[in-house]
Structures are given as structure tokens and as C-alpha cells.
Amino acid sequence: MKKHVKKIIVFLLGAVLFVGAPFFIEAILLDETNFPFSMKIVFSREAWFSFIGSYLGAWGTIALGALAFLQNKRYKELSDEKDNEVKELQNQIKNLLQSNNDLTQGNKDIQESIREIIGKNTTYVESTNSLQQELKKLALSDSDLQKTIVELLEVNKEVSEKLLYIQKEIYYPRLHNVYEGVISSSAEGIEKIGIEEAVTYTFINTDFPGDDYKAYIKEHCGYIAVKFRNDGEKDIINFGCENIKLDKSFDQNIMVFWEPTDIKPHQCVRCVIAVERAMFNFFISALVNKPTEIKFLLNNSLGEPYILLGDITIHEWEDYKSVSISNLDMKLDENQKYE
């Protein structure tokens with residue numbers, strides 16, 4: 001409402017000035033009584049009136065030209081700003097398109113690599129399947145060849161089984177106990193463990209050990225440590241001691257924590273079994289001259305799960321004790337699902 005009133009007032013003032021300006025100028029020019037219009041002039045009043053009209057018209061033209069110049073300048077600035085924004089958007093779109101092209105090319109490269117790997121892995125299987133299909137077709141078309149084809153199929157089956165056996169032999173985990181282990185009721189020597197070999201930890205009857213296993217063992221535990229060596233040509237993954245089947249005389253709680261490790265080919269691994277110091281001597285006595293089953297879990301480099309069983313025994317001669325592991329038996333864990 002206020003805006004409409006303001007527009008009406010401005011319109012009325014403009015109309016009054018537009019209509020009244022000529023009469024106002026005429027009154028000034030024809031006034032002969034008031035200073036300075038009472039002064040004697042050379043030109044006639046009509047000439048002055050014509051001059052004033054031309055003069056105001058010139059200033060009006062100048063004002064309109066200045067207004068047009070300022071408007072054009074402003075329009076040019078706005079146009080330049082829009083052009084710059086458009087260029088910036090075009091550059092951003094160009095960069096996004098380039099990034100998208102790079103990602104698309106990278107994805108194509110990855111897919112191509114995957115296809116090559118799949119092709120290499122399936123070539124033999126496809127060839128075998130194709131051969132079997134062709135042989136079956138021949139068997140159906142010519143009964144005289146059936147016997148020969150059956151023999152060939154048997155040979156092909158035998159070759160496949162041998163190849164599978166070779167693959168299993170290549171990836172079969174080969175762990176051997178290196179020498180008699182270490183027994184320490186005061187955690188002496190724990191700082192040296194794991195410097196030159198891989199190390200895995202198992203904690204029995206303890207609190208959660210935190211992140212610094214060695215510091216926790218040094219402060220709270222005694223430990224025994226046995227050493228293995230990976231004699232195979234492939235990595236062993238997630239190796240660790242999962243359980244020791246002690247007899248009922250030892251009140252063994254659930255394992256609080258066990259930390260597996262990976263073992264490179266021809267690398268040694270130290271398996272540390274830590275027990276709360278107050279229970280350590282009783283734990284040792286439960287193993288003295290009593291072969292006790294110890295269970296390790298691991299995976300080969302194909303991800304197949306294996307179980308390694310053995311007997312852990314502490315041998316005692318007067319004041320000297322040593323620990324050893326015997327009767328090692330490695331077998332595939334058929335109860336675990338794997339790809």
C-alpha cells in the first residue's frame with residue numbers, strides 16, 4: 001500500500017513539474033520588478049526564453065547521455081560477471097568430465113585385468129569340459145569309439161586329479177617345530193621375542209592385555225614360547241594357538257584373547273602362551289611329563305582353513321625344565337566354509 005502511495009505522489013509531482021515548468025520559466029523571464037530580473041538586458045525576453053529552452057534541452061540531452069553511459073557501463077559489468085561465471089562453470093564441467101573419463105578408464109582397466117585373470121584361471125577347465133563334451137558326442141555317434149573314449153576320459157580325470165594334488169601340495173602349509181621352547185615365570189627375555197621373527201600371542205586366565213602385549217606379560221604373566229618354521233613356498237595366514245586341552249585339575253577359564261600372525265616362506269614364528277603369574281606354576285605342573293593336546297588354527301594363501309594338532313609337554317630334570325611339541329598333525333578343517 002505504501003509503495004502505491006509513493007508511486008502516485010511521484011507521478012503527481014512529475015506531472016506538476018512537467019506542466020508548470022514552462023509557466024514558471026516564463027514568469028521569471030518576464031519579471032521586471034525583482035532583482036536580478038529587473039536589470040536591463042540587450043536581448044528581448046522572447047530571445048531569452050528561446051535560449052533558456054535550448055539551454056535546458058542541451059543539459060537534458062547531456063543528462064540522458066550520462067545516464068545511458070552509466071547504464072551501459074553497468075550492463076557491461078553485469079555481462080562480464082555472467083561471462084566469467086559461465087567460463088568458470090564450463091571449466092568445472094570440463095574438469096568433472098575429465099575426472100569421469102579417468103575413472104571410467106580406470107574401471108575399464110580393472111575390469112580388463114579381472115577378465116584376464118578369470119580367463120587364465122578358467123582356460124584349463126573350459127578346455128577339459130570342451131574335450132569331454134566332444135568325446136561324449138563322438139561316443140554317441142560311433143559306438144566303436146566308446147571304449148577308447150572312456151579310456152581317454154579316465155586319463156583326463158587322472159590328469160585333473162594329479163593337477164589338483166600338485167596344487168594342494170604347493171599350497172599345503174608346512175610348519176615344523178624348530179627346537180625346544182622357553183619357560184619363564186618372571187617374563188624374563190620377553191623383550192627379545194618377535195624382533196627377528198613373527199610372533200603370535202595367546203592369553204589364558206588373564207585380563208584383556210590391551211595393545212602392548214609384551215608390557216602386559218612383563219608385569220602380570222609367566223609364559224612359555226615354542227618356535228615354528230614355515231618350510232613351504234607360500235605364506236601362512238592367521239596362525240595362532242587357539243586352545244590347550246588341560247585336564248580338569250586346572251581350572252582353565254575361557255581364552256581371554258589370542259592374536260594370530262602371518263608367516264612368510266622360510267620365516268620362523270614364536271608362539272607365546274601367557275598365563276597369569278599366580279596360576280603359572282600350577283599351569284606348568286599340569287604339563288610336566290604329561291603330553292597335552294595343543295590346537296593351532298591357520299589358513300593357507302588360498303584362504304583354506306587348516307587345523308594343526310600336537311602334544312605339548314614340559315620335561316623336568318631336577319631343577320631344569322624345558323618345553324617341546326611333538327606328534328604334529330596338519331589337516332584341512334572340513335567344518336569351516338571357505339571360498
# chains A, B, ... in the order shown; residues from 1 in each chain; ligands from 1
>>> residues_around(residues="Glu191 in chain A", least_positions_apart="4", cutoff="12 Å", atoms="only C-alpha atoms", output="ChimeraX atom specification")
/A:187,195-196,199,212-218
>>> residues_around(residues="Gly222 in chain A", least_positions_apart="6", cutoff="10 Å", atoms="only C-alpha atoms", output="NGL selection string")
:A and (183-188 or 190 or 273-281 or 283-284)
>>> write_last_selection(atoms="N, CA, C and O atoms", output="PDB file, in the first residue's frame")
ATOM      1  N   ILE A 183      60.653 -71.404  28.871  1.00  0.00           N
ATOM      2  CA  ILE A 183      59.734 -71.286  30.008  1.00  0.00           C
ATOM      3  C   ILE A 183      60.251 -70.157  30.889  1.00  0.00           C
ATOM      4  O   ILE A 183      61.427 -70.140  31.271  1.00  0.00           O
ATOM      5  N   SER A 184      59.384 -69.190  31.226  1.00  0.00           N
ATOM      6  CA  SER A 184      59.808 -68.072  32.074  1.00  0.00           C
ATOM      7  C   SER A 184      58.653 -67.683  32.982  1.00  0.00           C
ATOM      8  O   SER A 184      57.602 -67.248  32.522  1.00  0.00           O
ATOM      9  N   SER A 185      58.861 -67.848  34.286  1.00  0.00           N
ATOM     10  CA  SER A 185      57.826 -67.461  35.246  1.00  0.00           C
ATOM     11  C   SER A 185      57.862 -65.974  35.562  1.00  0.00           C
ATOM     12  O   SER A 185      56.897 -65.422  36.091  1.00  0.00           O
ATOM     13  N   SER A 186      58.980 -65.304  35.233  1.00  0.00           N
ATOM     14  CA  SER A 186      59.120 -63.875  35.544  1.00  0.00           C
ATOM     15  C   SER A 186      59.093 -63.016  34.287  1.00  0.00           C
ATOM     16  O   SER A 186      59.405 -61.834  34.346  1.00  0.00           O
ATOM     17  N   ALA A 187      58.747 -63.603  33.169  1.00  0.00           N
ATOM     18  CA  ALA A 187      58.692 -62.885  31.876  1.00  0.00           C
ATOM     19  C   ALA A 187      60.070 -62.403  31.439  1.00  0.00           C
ATOM     20  O   ALA A 187      60.185 -61.488  30.634  1.00  0.00           O
ATOM     21  N   GLU A 188      61.113 -63.076  31.948  1.00  0.00           N
ATOM     22  CA  GLU A 188      62.467 -62.699  31.526  1.00  0.00           C
ATOM     23  C   GLU A 188      62.670 -63.041  30.043  1.00  0.00           C
ATOM     24  O   GLU A 188      62.293 -64.103  29.581  1.00  0.00           O
ATOM     25  N   ILE A 190      61.254 -61.563  27.504  1.00  0.00           N
ATOM     26  CA  ILE A 190      60.103 -61.293  26.632  1.00  0.00           C
ATOM     27  C   ILE A 190      60.392 -60.149  25.662  1.00  0.00           C
ATOM     28  O   ILE A 190      59.848 -60.101  24.558  1.00  0.00           O
ATOM     29  N   ILE A 273      52.566 -68.325  24.871  1.00  0.00           N
ATOM     30  CA  ILE A 273      51.362 -68.654  25.641  1.00  0.00           C
ATOM     31  C   ILE A 273      51.570 -68.082  27.041  1.00  0.00           C
ATOM     32  O   ILE A 273      52.435 -68.543  27.790  1.00  0.00           O
ATOM     33  N   ALA A 274      50.785 -67.039  27.385  1.00  0.00           N
ATOM     34  CA  ALA A 274      50.954 -66.328  28.647  1.00  0.00           C
ATOM     35  C   ALA A 274      49.851 -66.707  29.624  1.00  0.00           C
ATOM     36  O   ALA A 274      48.690 -66.855  29.242  1.00  0.00           O
ATOM     37  N   VAL A 275      50.243 -66.882  30.902  1.00  0.00           N
ATOM     38  CA  VAL A 275      49.305 -67.255  31.960  1.00  0.00           C
ATOM     39  C   VAL A 275      49.537 -66.307  33.132  1.00  0.00           C
ATOM     40  O   VAL A 275      50.678 -65.896  33.400  1.00  0.00           O
ATOM     41  N   GLU A 276      48.458 -65.954  33.802  1.00  0.00           N
ATOM     42  CA  GLU A 276      48.569 -65.086  34.974  1.00  0.00           C
ATOM     43  C   GLU A 276      49.603 -65.659  35.952  1.00  0.00           C
ATOM     44  O   GLU A 276      49.631 -66.864  36.219  1.00  0.00           O
ATOM     45  N   ARG A 277      50.466 -64.793  36.467  1.00  0.00           N
ATOM     46  CA  ARG A 277      51.614 -65.252  37.256  1.00  0.00           C
ATOM     47  C   ARG A 277      51.208 -66.083  38.467  1.00  0.00           C
ATOM     48  O   ARG A 277      51.885 -67.053  38.824  1.00  0.00           O
ATOM     49  N   ALA A 278      50.069 -65.760  39.076  1.00  0.00           N
ATOM     50  CA  ALA A 278      49.637 -66.507  40.259  1.00  0.00           C
ATOM     51  C   ALA A 278      49.258 -67.947  39.916  1.00  0.00           C
ATOM     52  O   ALA A 278      49.330 -68.843  40.763  1.00  0.00           O
ATOM     53  N   MET A 279      48.858 -68.175  38.658  1.00  0.00           N
ATOM     54  CA  MET A 279      48.447 -69.514  38.227  1.00  0.00           C
ATOM     55  C   MET A 279      49.525 -70.213  37.402  1.00  0.00           C
ATOM     56  O   MET A 279      49.340 -71.359  36.989  1.00  0.00           O
ATOM     57  N   PHE A 280      50.673 -69.552  37.170  1.00  0.00           N
ATOM     58  CA  PHE A 280      51.637 -70.066  36.209  1.00  0.00           C
ATOM     59  C   PHE A 280      52.261 -71.388  36.663  1.00  0.00           C
ATOM     60  O   PHE A 280      52.351 -72.344  35.879  1.00  0.00           O
ATOM     61  N   ASN A 281      52.686 -71.467  37.904  1.00  0.00           N
ATOM     62  CA  ASN A 281      53.332 -72.700  38.392  1.00  0.00           C
ATOM     63  C   ASN A 281      52.368 -73.882  38.345  1.00  0.00           C
ATOM     64  O   ASN A 281      52.750 -75.002  37.992  1.00  0.00           O
ATOM     65  N   PHE A 283      49.914 -74.129  36.224  1.00  0.00           N
ATOM     66  CA  PHE A 283      49.778 -74.394  34.805  1.00  0.00           C
ATOM     67  C   PHE A 283      50.933 -75.261  34.305  1.00  0.00           C
ATOM     68  O   PHE A 283      50.732 -76.233  33.565  1.00  0.00           O
ATOM     69  N   ILE A 284      52.144 -74.947  34.752  1.00  0.00           N
ATOM     70  CA  ILE A 284      53.326 -75.720  34.349  1.00  0.00           C
ATOM     71  C   ILE A 284      53.239 -77.150  34.881  1.00  0.00           C
ATOM     72  O   ILE A 284      53.512 -78.121  34.172  1.00  0.00           O
TER      73      ILE A 284
END
>>> atom_distance(atom1="CA of Lys147 in chain A", atom2="CA of Glu134 in chain A")
14.7 Å
>>> atom_distance(atom1="CA of Gly181 in chain A", atom2="CA of Gly310 in chain A")
14.2 Å
>>> residues_around(residues="Glu293 in chain A", least_positions_apart="4", cutoff="12 Å", atoms="only C-alpha atoms", output="PyMOL selection string")
chain A and resi 241-247+287+308-313+324-329
>>> closest_residue(among="A:Trp258, A:Val182, A:Asn299, A:Lys136", to="Phe203 in chain A", atoms="only C-alpha atoms")
A:Trp258
>>> closest_residue(among="A:Ala286, A:Val5, A:Leu332, A:Leu64", to="Gly303 in chain A", atoms="only C-alpha atoms")
A:Leu332
>>> closest_residue(among="A:Val178, A:Leu302, A:Ile294, A:Ala63", to="Lys234 in chain A", atoms="only C-alpha atoms")
A:Leu302
